$ cat input-v6.pdb   # PDB, C-alpha atoms and all ligand atoms
MODEL        1
ATOM      1  CA  MET A   1    -105.897 -55.558  85.664
ATOM      2  CA  ILE A   2    -103.519 -58.184  86.979
ATOM      3  CA  LEU A   3    -100.098 -58.130  88.510
ATOM      4  CA  ALA A   4     -97.498 -60.870  88.363
ATOM      5  CA  ILE A   5     -95.139 -61.237  91.301
ATOM      6  CA  ALA A   6     -92.466 -63.911  91.613
ATOM      7  CA  VAL A   7     -92.324 -65.273  95.149
ATOM      8  CA  LEU A   8     -90.601 -68.482  96.235
ATOM      9  CA  ALA A   9     -91.529 -71.239  93.862
ATOM     10  CA  VAL A  10     -94.495 -69.617  92.137
ATOM     11  CA  THR A  11     -95.518 -66.581  90.183
ATOM     12  CA  ILE A  12     -99.111 -65.592  90.767
ATOM     13  CA  ALA A  13    -101.155 -63.104  88.851
ATOM     14  CA  VAL A  14    -104.233 -61.847  90.663
ATOM     15  CA  PRO A  15    -105.902 -58.436  90.789
ATOM     16  CA  LYS A  16    -103.635 -55.920  92.526
ATOM     17  CA  PRO A  17    -103.935 -55.680  96.292
ATOM     18  CA  ASP A  18    -106.890 -53.439  97.111
ATOM     19  CA  GLN A  19    -107.951 -53.312  93.485
ATOM     20  CA  ARG A  20    -111.711 -52.948  93.206
ATOM     21  CA  LEU A  21    -113.398 -55.265  90.718
ATOM     22  CA  PRO A  22    -117.047 -54.561  89.903
ATOM     23  CA  TYR A  23    -119.646 -57.324  89.621
ATOM     24  CA  VAL A  24    -117.344 -60.233  90.337
ATOM     25  CA  GLU A  25    -118.534 -63.566  91.746
ATOM     26  CA  ARG A  26    -115.550 -65.625  90.764
ATOM     27  CA  CYS A  27    -112.128 -64.517  89.690
ATOM     28  CA  TYR A  28    -109.250 -66.033  87.793
ATOM     29  CA  VAL A  29    -105.828 -66.479  89.298
ATOM     30  CA  ILE A  30    -102.970 -67.646  87.111
ATOM     31  CA  GLY A  31     -99.394 -68.547  87.797
ATOM     32  CA  ALA A  32     -96.463 -70.766  87.031
ATOM     33  CA  ALA A  33     -94.879 -73.254  89.373
ATOM     34  CA  ALA A  34     -91.139 -73.897  89.394
ATOM     35  CA  PRO A  35     -89.895 -76.725  87.155
ATOM     36  CA  GLY A  36     -90.822 -80.080  88.623
ATOM     37  CA  VAL A  37     -93.798 -78.835  90.625
ATOM     38  CA  THR A  38     -96.853 -80.878  89.743
ATOM     39  CA  ASN A  39     -99.092 -80.069  92.659
ATOM     40  CA  VAL A  40    -100.648 -76.624  93.135
ATOM     41  CA  VAL A  41    -103.570 -76.038  95.495
ATOM     42  CA  VAL A  42    -105.499 -72.759  95.282
ATOM     43  CA  GLN A  43    -108.011 -72.047  98.078
ATOM     44  CA  GLY A  44    -108.129 -75.742  98.911
ATOM     45  CA  VAL A  45    -108.759 -76.890  95.331
ATOM     46  CA  ASP A  46    -106.239 -78.949  93.342
ATOM     47  CA  VAL A  47    -105.310 -77.169  90.128
ATOM     48  CA  PRO A  48    -103.830 -78.982  87.129
ATOM     49  CA  VAL A  49    -100.315 -77.839  86.257
ATOM     50  CA  TYR A  50     -99.404 -77.783  82.579
ATOM     51  CA  ARG A  51     -96.175 -79.185  81.165
ATOM     52  CA  THR A  52     -94.674 -75.700  81.212
ATOM     53  CA  GLY A  53     -95.552 -75.206  84.894
ATOM     54  CA  ALA A  54     -98.409 -72.823  84.090
ATOM     55  CA  TRP A  55    -101.758 -73.118  85.824
ATOM     56  CA  ALA A  56    -105.024 -71.213  85.998
ATOM     57  CA  ALA A  57    -107.609 -71.351  88.778
ATOM     58  CA  TYR A  58    -111.109 -69.937  88.889
ATOM     59  CA  VAL A  59    -111.952 -69.146  92.482
ATOM     60  CA  ASP A  60    -114.995 -67.932  94.387
ATOM     61  CA  VAL A  61    -114.675 -64.417  95.732
ATOM     62  CA  LYS A  62    -116.834 -62.361  98.053
ATOM     63  CA  GLU A  63    -117.540 -58.689  98.363
ATOM     64  CA  GLY A  64    -114.777 -57.068 100.421
ATOM     65  CA  THR A  65    -111.262 -58.391 100.898
ATOM     66  CA  ASN A  66    -110.334 -61.743  99.390
ATOM     67  CA  THR A  67    -107.197 -63.731  99.956
ATOM     68  CA  VAL A  68    -105.927 -66.291  97.488
ATOM     69  CA  THR A  69    -103.321 -68.675  98.840
ATOM     70  CA  VAL A  70    -101.350 -70.866  96.458
ATOM     71  CA  SER A  71     -99.737 -73.947  98.029
ATOM     72  CA  CYS A  72     -96.939 -75.701  96.177
ATOM     73  CA  GLU A  73     -95.067 -78.976  96.664
ATOM     74  CA  GLU A  74     -91.548 -79.148  95.251
ATOM     75  CA  ASN A  75     -89.175 -82.030  96.072
ATOM     76  CA  GLY A  76     -91.018 -82.601  99.328
ATOM     77  CA  VAL A  77     -90.712 -78.897 100.257
ATOM     78  CA  HIS A  78     -93.967 -77.091 100.917
ATOM     79  CA  SER A  79     -94.348 -73.372 100.177
ATOM     80  CA  GLU A  80     -97.293 -70.997 100.283
ATOM     81  CA  THR A  81     -97.920 -67.671  98.558
ATOM     82  CA  SER A  82    -100.831 -65.369  99.407
ATOM     83  CA  ARG A  83    -102.292 -62.344  97.690
ATOM     84  CA  THR A  84    -105.274 -60.195  98.588
ATOM     85  CA  PHE A  85    -107.596 -58.109  96.470
ATOM     86  CA  ARG A  86    -110.875 -56.328  97.029
ATOM     87  CA  VAL A  87    -114.233 -56.838  95.379
ATOM     88  CA  ALA A  88    -116.215 -53.688  95.848
ATOM     89  CA  MET A  89    -119.680 -54.249  94.455
ATOM     90  CA  LYS A  90    -122.430 -56.775  94.772
ATOM     91  CA  PRO A  91    -122.131 -59.687  92.349
ATOM     92  CA  LYS A  92    -124.257 -59.541  89.242
ATOM     93  CA  PRO A  93    -125.068 -62.580  87.048
ATOM     94  CA  ARG A  94    -122.812 -62.901  84.035
ATOM     95  CA  PRO A  95    -123.262 -65.012  80.899
ATOM     96  CA  ALA A  96    -121.612 -68.429  80.841
ATOM     97  CA  ASP A  97    -117.963 -68.753  79.848
ATOM     98  CA  GLY A  98    -117.094 -68.899  76.196
ATOM     99  CA  PRO A  99    -116.609 -66.731  73.163
ATOM    100  CA  PRO A 100    -119.089 -63.893  72.646
ATOM    101  CA  SER A 101    -122.119 -65.311  70.868
ATOM    102  CA  THR A 102    -123.372 -62.236  69.056
ATOM    103  CA  ASN A 103    -121.627 -60.666  66.136
ATOM    104  CA  SER A 104    -123.734 -57.686  65.220
ATOM    105  CA  PRO A 105    -121.890 -54.682  63.814
ATOM    106  CA  PRO A 106    -120.996 -52.147  66.502
ATOM    107  CA  GLU A 107    -122.509 -48.737  66.547
ATOM    108  CA  ARG A 108    -120.796 -46.646  63.887
ATOM    109  CA  VAL A 109    -119.625 -43.871  66.150
ATOM    110  CA  TYR A 110    -116.067 -42.715  65.942
ATOM    111  CA  ARG A 111    -113.817 -39.763  66.394
ATOM    112  CA  LYS A 112    -112.675 -38.658  62.948
ATOM    113  CA  LEU A 113    -108.905 -38.473  63.052
ATOM    114  CA  GLU A 114    -107.661 -35.098  61.906
ATOM    115  CA  TYR A 115    -105.020 -36.774  59.743
ATOM    116  CA  ALA A 116    -107.468 -39.231  58.143
ATOM    117  CA  ALA A 117    -108.445 -38.854  54.507
ATOM    118  CA  ASP A 118    -112.088 -38.519  53.503
ATOM    119  CA  GLU A 119    -112.092 -40.831  50.512
ATOM    120  CA  ALA A 120    -111.746 -44.594  50.636
ATOM    121  CA  ARG A 121    -108.348 -45.769  49.493
ATOM    122  CA  PRO A 122    -108.772 -47.849  46.323
ATOM    123  CA  HIS A 123    -108.236 -51.574  46.790
ATOM    124  CA  PRO A 124    -104.654 -52.347  45.685
ATOM    125  CA  SER A 125    -105.712 -55.063  43.218
ATOM    126  CA  GLY A 126    -103.659 -54.634  40.086
ATOM    127  CA  LYS A 127    -100.702 -53.278  42.036
ATOM    128  CA  ALA A 128     -97.628 -55.477  42.355
ATOM    129  CA  PRO A 129     -96.884 -56.575  45.951
ATOM    130  CA  LYS A 130     -93.790 -54.342  45.993
ATOM    131  CA  ASP A 131     -96.100 -51.349  45.515
ATOM    132  CA  VAL A 132     -98.424 -52.392  48.329
ATOM    133  CA  THR A 133     -97.652 -51.145  51.851
ATOM    134  CA  VAL A 134     -98.926 -53.072  54.853
ATOM    135  CA  VAL A 135     -98.714 -51.455  58.269
ATOM    136  CA  ILE A 136     -98.354 -54.011  61.062
ATOM    137  CA  ASP A 137     -99.045 -52.748  64.569
ATOM    138  CA  PRO A 138     -97.705 -54.778  67.511
ATOM    139  CA  GLY A 139    -100.174 -53.878  70.270
ATOM    140  CA  HIS A 140     -99.119 -52.189  73.536
ATOM    141  CA  GLY A 141     -95.467 -51.474  74.435
ATOM    142  CA  GLY A 142     -93.317 -49.427  76.772
ATOM    143  CA  PRO A 143     -92.983 -49.573  80.555
ATOM    144  CA  LYS A 144     -96.624 -48.822  81.381
ATOM    145  CA  ASP A 145     -98.681 -50.518  78.672
ATOM    146  CA  LEU A 146     -97.819 -54.188  79.092
ATOM    147  CA  GLY A 147    -101.049 -55.649  77.734
ATOM    148  CA  CYS A 148    -102.205 -58.788  79.515
ATOM    149  CA  ILE A 149     -99.946 -61.037  81.568
ATOM    150  CA  SER A 150     -99.379 -64.763  81.068
ATOM    151  CA  PRO A 151     -99.026 -67.333  83.888
ATOM    152  CA  HIS A 152     -95.223 -67.036  83.773
ATOM    153  CA  GLY A 153     -95.466 -63.249  83.926
ATOM    154  CA  TRP A 154     -94.713 -62.665  80.254
ATOM    155  CA  CYS A 155     -96.247 -59.523  78.851
ATOM    156  CA  GLU A 156     -98.573 -59.430  75.891
ATOM    157  CA  LYS A 157     -96.524 -56.567  74.397
ATOM    158  CA  GLU A 158     -93.630 -59.030  73.899
ATOM    159  CA  ALA A 159     -95.800 -61.736  72.353
ATOM    160  CA  ASN A 160     -97.332 -59.154  69.999
ATOM    161  CA  LEU A 161     -93.926 -57.892  68.853
ATOM    162  CA  LEU A 162     -92.637 -61.421  68.208
ATOM    163  CA  LEU A 163     -95.697 -62.331  66.147
ATOM    164  CA  ALA A 164     -95.674 -58.994  64.302
ATOM    165  CA  GLU A 165     -92.013 -59.460  63.325
ATOM    166  CA  ALA A 166     -92.838 -62.969  62.105
ATOM    167  CA  VAL A 167     -95.756 -61.591  60.040
ATOM    168  CA  ARG A 168     -93.441 -58.939  58.600
ATOM    169  CA  GLU A 169     -90.988 -61.640  57.527
ATOM    170  CA  GLU A 170     -93.733 -63.635  55.787
ATOM    171  CA  LEU A 171     -95.155 -60.583  54.016
ATOM    172  CA  VAL A 172     -91.675 -59.590  52.839
ATOM    173  CA  LYS A 173     -91.238 -63.119  51.437
ATOM    174  CA  LEU A 174     -94.421 -62.523  49.424
ATOM    175  CA  GLY A 175     -92.917 -59.283  48.108
ATOM    176  CA  TYR A 176     -94.885 -56.716  50.134
ATOM    177  CA  ARG A 177     -93.567 -53.512  51.609
ATOM    178  CA  VAL A 178     -94.089 -53.656  55.369
ATOM    179  CA  VAL A 179     -93.946 -50.931  58.013
ATOM    180  CA  LEU A 180     -94.173 -51.736  61.725
ATOM    181  CA  THR A 181     -95.508 -49.139  64.163
ATOM    182  CA  ARG A 182     -92.817 -50.288  66.610
ATOM    183  CA  ARG A 183     -89.858 -52.640  66.390
ATOM    184  CA  ASN A 184     -88.842 -52.469  70.019
ATOM    185  CA  ASP A 185     -90.422 -52.070  73.424
ATOM    186  CA  ARG A 186     -91.641 -48.491  73.247
ATOM    187  CA  ALA A 187     -94.890 -46.811  74.156
ATOM    188  CA  ILE A 188     -97.114 -45.534  71.342
ATOM    189  CA  GLU A 189    -100.216 -43.504  72.016
ATOM    190  CA  LEU A 190    -103.319 -45.248  70.680
ATOM    191  CA  TYR A 191    -104.142 -42.649  68.025
ATOM    192  CA  GLU A 192    -100.497 -42.438  66.921
ATOM    193  CA  ARG A 193    -100.841 -45.991  65.590
ATOM    194  CA  PRO A 194    -103.304 -45.216  62.770
ATOM    195  CA  LYS A 195    -101.386 -41.983  62.230
ATOM    196  CA  ALA A 196     -98.393 -44.078  61.137
ATOM    197  CA  LEU A 197    -100.684 -45.768  58.622
ATOM    198  CA  TYR A 198    -101.654 -42.445  57.038
ATOM    199  CA  ALA A 199     -98.094 -41.104  57.207
ATOM    200  CA  VAL A 200     -96.657 -43.912  55.070
ATOM    201  CA  GLY A 201     -99.634 -44.108  52.708
ATOM    202  CA  GLY A 202    -100.429 -47.648  53.828
ATOM    203  CA  ASP A 203    -102.847 -49.813  51.852
ATOM    204  CA  ALA A 204    -103.920 -51.823  54.884
ATOM    205  CA  PHE A 205    -103.444 -51.994  58.629
ATOM    206  CA  ILE A 206    -103.198 -55.098  60.799
ATOM    207  CA  SER A 207    -102.908 -54.741  64.565
ATOM    208  CA  ILE A 208    -101.536 -57.775  66.416
ATOM    209  CA  HIS A 209    -102.716 -58.663  69.926
ATOM    210  CA  HIS A 210    -103.117 -61.525  72.361
ATOM    211  CA  ASN A 211    -106.190 -61.746  74.514
ATOM    212  CA  ALA A 212    -107.215 -62.134  78.174
ATOM    213  CA  PRO A 213    -110.614 -62.810  79.738
ATOM    214  CA  ALA A 214    -112.385 -60.405  82.074
ATOM    215  CA  ALA A 215    -111.328 -60.900  85.711
ATOM    216  CA  ASP A 216    -114.505 -62.839  86.464
ATOM    217  CA  ARG A 217    -114.091 -65.413  83.690
ATOM    218  CA  ASP A 218    -112.218 -68.678  83.885
ATOM    219  CA  ALA A 219    -108.744 -68.149  82.421
ATOM    220  CA  GLY A 220    -108.268 -71.925  82.297
ATOM    221  CA  ARG A 221    -111.210 -72.332  79.905
ATOM    222  CA  ILE A 222    -111.387 -69.237  77.763
ATOM    223  CA  ARG A 223    -109.295 -69.457  74.666
ATOM    224  CA  TYR A 224    -110.156 -68.528  71.097
ATOM    225  CA  ALA A 225    -108.753 -66.626  68.146
ATOM    226  CA  ALA A 226    -110.607 -63.844  66.357
ATOM    227  CA  VAL A 227    -110.008 -61.093  63.822
ATOM    228  CA  TYR A 228    -111.906 -57.843  64.424
ATOM    229  CA  SER A 229    -112.920 -55.101  62.050
ATOM    230  CA  TRP A 230    -115.216 -52.116  62.174
ATOM    231  CA  ASN A 231    -116.554 -51.388  58.690
ATOM    232  CA  PRO A 232    -117.154 -53.391  55.480
ATOM    233  CA  LEU A 233    -113.756 -52.313  54.123
ATOM    234  CA  GLY A 234    -111.984 -53.844  57.101
ATOM    235  CA  GLU A 235    -114.335 -56.811  57.234
ATOM    236  CA  GLU A 236    -113.161 -58.171  53.882
ATOM    237  CA  LEU A 237    -109.586 -58.098  55.117
ATOM    238  CA  ALA A 238    -110.543 -59.596  58.494
ATOM    239  CA  LYS A 239    -112.434 -62.454  56.801
ATOM    240  CA  ALA A 240    -109.505 -63.285  54.514
ATOM    241  CA  VAL A 241    -107.034 -63.301  57.414
ATOM    242  CA  ALA A 242    -109.370 -65.270  59.717
ATOM    243  CA  ALA A 243    -109.944 -67.920  57.015
ATOM    244  CA  ARG A 244    -106.205 -68.613  56.684
ATOM    245  CA  MET A 245    -105.740 -68.550  60.464
ATOM    246  CA  ASP A 246    -108.491 -71.168  60.748
ATOM    247  CA  GLU A 247    -106.648 -73.449  58.346
ATOM    248  CA  ALA A 248    -103.413 -73.109  60.289
ATOM    249  CA  ARG A 249    -104.674 -73.177  63.865
ATOM    250  CA  HIS A 250    -104.028 -76.157  66.086
ATOM    251  CA  GLU A 251    -107.089 -78.068  67.159
ATOM    252  CA  GLU A 252    -107.487 -76.959  70.774
ATOM    253  CA  LEU A 253    -107.693 -73.278  69.818
ATOM    254  CA  LYS A 254    -111.275 -72.413  68.897
ATOM    255  CA  SER A 255    -111.889 -69.792  66.275
ATOM    256  CA  ASN A 256    -114.423 -67.018  66.355
ATOM    257  CA  GLY A 257    -113.552 -66.053  62.784
ATOM    258  CA  ALA A 258    -114.125 -62.476  61.692
ATOM    259  CA  MET A 259    -115.894 -60.321  64.289
ATOM    260  CA  HIS A 260    -116.967 -56.696  64.576
ATOM    261  CA  ALA A 261    -115.475 -54.345  67.169
ATOM    262  CA  ASN A 262    -115.212 -50.617  67.569
ATOM    263  CA  PHE A 263    -111.491 -50.432  68.385
ATOM    264  CA  ALA A 264    -109.543 -47.202  67.910
ATOM    265  CA  VAL A 265    -107.119 -48.920  65.558
ATOM    266  CA  THR A 266    -109.737 -50.653  63.390
ATOM    267  CA  ARG A 267    -112.115 -47.788  62.724
ATOM    268  CA  ASN A 268    -110.018 -46.071  60.072
ATOM    269  CA  PRO A 269    -112.855 -45.149  57.788
ATOM    270  CA  GLU A 270    -111.129 -45.377  54.437
ATOM    271  CA  ILE A 271    -108.205 -47.767  54.847
ATOM    272  CA  PRO A 272    -108.892 -51.488  55.406
ATOM    273  CA  SER A 273    -107.955 -52.233  59.011
ATOM    274  CA  CYS A 274    -108.287 -55.242  61.264
ATOM    275  CA  LEU A 275    -107.086 -56.430  64.648
ATOM    276  CA  VAL A 276    -105.894 -60.003  65.193
ATOM    277  CA  GLU A 277    -106.383 -61.530  68.641
ATOM    278  CA  ALA A 278    -104.102 -64.480  68.045
ATOM    279  CA  ASP A 279    -104.727 -66.438  71.253
ATOM    280  CA  PHE A 280    -105.290 -66.045  74.998
ATOM    281  CA  ILE A 281    -101.902 -65.860  76.690
ATOM    282  CA  THR A 282    -103.678 -66.051  80.056
ATOM    283  CA  HIS A 283    -104.581 -69.661  79.216
ATOM    284  CA  PRO A 284    -101.668 -71.995  80.051
ATOM    285  CA  ALA A 285    -101.890 -73.676  76.630
ATOM    286  CA  GLY A 286    -102.265 -70.312  74.880
ATOM    287  CA  GLU A 287     -99.158 -69.030  76.638
ATOM    288  CA  GLU A 288     -97.230 -72.087  75.493
ATOM    289  CA  ALA A 289     -98.466 -71.656  71.914
ATOM    290  CA  ALA A 290     -97.583 -67.948  71.840
ATOM    291  CA  TRP A 291     -93.988 -68.666  72.808
ATOM    292  CA  ASP A 292     -93.549 -71.650  70.498
ATOM    293  CA  ALA A 293     -91.519 -70.363  67.534
ATOM    294  CA  VAL A 294     -92.783 -73.086  65.183
ATOM    295  CA  ARG A 295     -96.456 -72.394  65.876
ATOM    296  CA  ARG A 296     -95.811 -68.659  65.747
ATOM    297  CA  ALA A 297     -94.218 -68.982  62.306
ATOM    298  CA  ARG A 298     -97.189 -71.027  61.070
ATOM    299  CA  LEU A 299     -99.624 -68.433  62.365
ATOM    300  CA  ALA A 300     -97.598 -65.588  60.849
ATOM    301  CA  GLU A 301     -97.588 -67.343  57.484
ATOM    302  CA  ALA A 302    -101.376 -67.730  57.716
ATOM    303  CA  ILE A 303    -101.883 -64.022  58.456
ATOM    304  CA  ALA A 304     -99.616 -63.065  55.532
ATOM    305  CA  ARG A 305    -101.411 -65.482  53.183
ATOM    306  CA  GLY A 306    -104.745 -64.093  54.315
ATOM    307  CA  PHE A 307    -103.529 -60.641  53.408
ATOM    308  CA  ALA A 308    -102.346 -61.885  50.004
ATOM    309  CA  ASP A 309    -105.776 -63.505  49.411
ATOM    310  CA  TRP A 310    -107.436 -60.168  50.160
ATOM    311  CA  HIS A 311    -104.999 -58.391  47.834
ATOM    312  CA  ALA A 312    -105.628 -60.905  45.030
ATOM    313  CA  ARG A 313    -109.415 -60.845  45.212
TER     314      ARG A 313
HETATM  315 ZN    ZN A 401    -103.875 -56.280  73.595
ENDMDL
END

$ encode --input "input-v6.pdb" --output "structure tokens" --more "lines below"
Ligand SMILES: [Zn+2]
Amino acid sequence: MILAIAVLAVTIAVPKPDQRLPYVERCYVIGAAAPGVTNVVVQGVDVPVYRTGAWAAYVDVKEGTNTVTVSCEENGVHSETSRTFRVAMKPKPRPADGPPSTNSPPERVYRKLEYAADEARPHPSGKAPKDVTVVIDPGHGGPKDLGCISPHGWCEKEANLLLAEAVREELVKLGYRVVLTRRNDRAIELYERPKALYAVGGDAFISIHHNAPAADRDAGRIRYAAVYSWNPLGEELAKAVAARMDEARHEELKSNGAMHANFAVTRNPEIPSCLVEADFITHPAGEEAAWDAVRRARLAEAIARGFADWHAR
């Protein structure tokens, strides 16, 4: 959805030039100013710059071509960066910003995977951790599937891999056998991810992601953590993980707890599966948190403990 381009003193991420966005009235633009820049003006509006140089602006757009100009002041030197994008359809009212308010189970429609078993895998209670296999899936990867982009132009795929490796470390400390769907920056087809789970006889599956708002939501305001599942089997795991994440989260990150979603990687019908959206890396503070090794380690420990709680139930 968005493209980060480094020009002069700023990186800006806006919809691609000539990209058509349906039903947009306002649009988020994010970026990062060079070190020392404290003053960024987007379409005539002063935008707060975070300690890291990241900023997020929520700007009015109109149907047709829009231009966003970012003005920067650095050591008395003025620079400007412009990007254009197109909004193709008439604006339509959208709900107010914030986490989704409903949490009703999604429609139970799914494509049965040809490699999926028919019977529910028994809960591994009674098994020693060394006999329990957890499959951790760092979302996205490879040159085309970057995931979302942070103000500094970091890709979600990198943040996911870092957090997934940290979760692996914590689970190994607790004695579990852990398999990652990828340990480097490679592309994996969506349905290959659960396939890895079946191939290794995994007892549970946890996909790791970082979030981004829709293009017409305010990236400077939307930030929450959530753990998604699709069926009751996954929901128990999601609840256990979300509860530990809630204990460990820092105050400014809201929690949506355990939620339902019909994601390809969570709808494994007989193996408990959940998807962690750890934070919004499009939010300047969420980006900072995602790249902070101390906070990442704390979050990873929480996810691993949540898994252990589920195992011990
Ligand atoms: Zn993602």

$ resolve_selection --input "input-v6.pdb" --expression "the PyMOL selection byres (((not hetatm)) within 9 of (chain A and resi 401))" --output "list of chain:residue names"
A:Pro138, A:Gly139, A:His140, A:Leu146, A:Gly147, A:Cys148, A:Glu156, A:Lys157, A:Asn160, A:Ile208, A:His209, A:His210, A:Asn211, A:Ala212, A:Glu277

$ atom_distance --input "input-v6.pdb" --atom1 "CA of Gly286 (chain A)" --atom2 "CA of Val40 (chain A)"
19.4 Å

$ closest_residue --input "input-v6.pdb" --among "A:Ala215, A:Val45, A:Pro143, A:Val70" --to "Asp185 (chain A)" --atoms "all atoms listed in the file"
A:Pro143

$ atom_distance --input "input-v6.pdb" --atom1 "CA of Val134 (chain A)" --atom2 "CA of Glu288 (chain A)"
28.1 Å

$ resolve_selection --input "input-v6.pdb" --expression "the PyMOL selection byres (((chain A and resi 118) around 8) and not hetatm)" --output "VMD selection string"
chain A and resid 116 to 117 119 to 120 269 to 270

$ atom_distance --input "input-v6.pdb" --atom1 "CA of Phe205 (chain A)" --atom2 "CA of Arg186 (chain A)"
19.1 Å

$ residues_near_point --input "input-v6.pdb" --point "(-100.8, -61.2, 99.6)" --cutoff "8 Å" --atoms "only C-alpha atoms" --output "short mmCIF file (atom, residue, chain, number, x, y, z; two decimals) with C-alpha atoms, in the coordinates of the input"
data_model
loop_
_atom_site.label_atom_id
_atom_site.label_comp_id
_atom_site.auth_asym_id
_atom_site.auth_seq_id
_atom_site.Cartn_x
_atom_site.Cartn_y
_atom_site.Cartn_z
CA PRO A 17 -103.94 -55.68 96.29
CA THR A 67 -107.20 -63.73 99.96
CA VAL A 68 -105.93 -66.29 97.49
CA THR A 69 -103.32 -68.68 98.84
CA THR A 81 -97.92 -67.67 98.56
CA SER A 82 -100.83 -65.37 99.41
CA ARG A 83 -102.29 -62.34 97.69
CA THR A 84 -105.27 -60.20 98.59
#

$ closest_residue --input "input-v6.pdb" --among "A:Gly257, A:Pro122, A:Gly220, A:Pro15" --to "Leu233 (chain A)" --atoms "only C-alpha atoms"
A:Pro122

$ resolve_selection --input "input-v6.pdb" --expression "the PyMOL selection byres (((chain A and resi 174) around 10) and not hetatm)" --output "tab-separated table (two decimals) with C-alpha atoms, in the frame of the given file"
chain	number	residue	atom	x	y	z
A	129	PRO	CA	-96.88	-56.58	45.95
A	130	LYS	CA	-93.79	-54.34	45.99
A	168	ARG	CA	-93.44	-58.94	58.60
A	169	GLU	CA	-90.99	-61.64	57.53
A	170	GLU	CA	-93.73	-63.64	55.79
A	171	LEU	CA	-95.16	-60.58	54.02
A	172	VAL	CA	-91.68	-59.59	52.84
A	173	LYS	CA	-91.24	-63.12	51.44
A	175	GLY	CA	-92.92	-59.28	48.11
A	176	TYR	CA	-94.88	-56.72	50.13
A	177	ARG	CA	-93.57	-53.51	51.61
A	301	GLU	CA	-97.59	-67.34	57.48
A	304	ALA	CA	-99.62	-63.06	55.53
A	305	ARG	CA	-101.41	-65.48	53.18
A	308	ALA	CA	-102.35	-61.88	50.00
